[in-house]
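Working notes for the structure below.
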Amino acid sequence: MTIPELEAQLLALTPIDKAEAISILTQSLKLDCYPHLSAADLVNVWAYSEAYPDEIESAIRQQDEADEI
């Protein structure tokens with residue numbers, strides 16, 4: 001299976017099925033640095049990032065500008 005084929009199948013999943021797929025993936029990724037994160041946390045982050053891309057880009061830009069000072 002190719003990545004584009006997998007992407008099409010993942011996008012066709014229901015939100016509940018996506019959460020289960022993320023849970024499976026996070027277990028295999030071993031997020032040692034972030035043990036407090038759950039699959040539901042990742043689903044929420046991805047949903048937020050899709051809903052508010054401009055807000056996120058603005059926050060990143062502001063942080064980059066603050067780091068330059």
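The chains in the structure tokens are called A, B, ... from first to last as shown; in each chain the residues are counted from 1, and the ligands are counted from 1 in the order shown.
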> What residues in chain A get the DSSP label alpha helix (DSSP H)? Please answer as a PyMOL selection string.
Replying inline: chain A and resi 3-11+15-29+39-51+53-68
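Across the structure, CA of Gln62 (chain A) and CA of Asp41 (chain A) are spaced 24.4 Å apart.
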> Residues at most 12 Å from Ile22 (chain A), counting only C-alpha atoms, excluding those fewer than 5 positions away in the same chain, as a PyMOL selection string?
Replying inline: chain A and resi 10+13+15-17+27-29+37-46
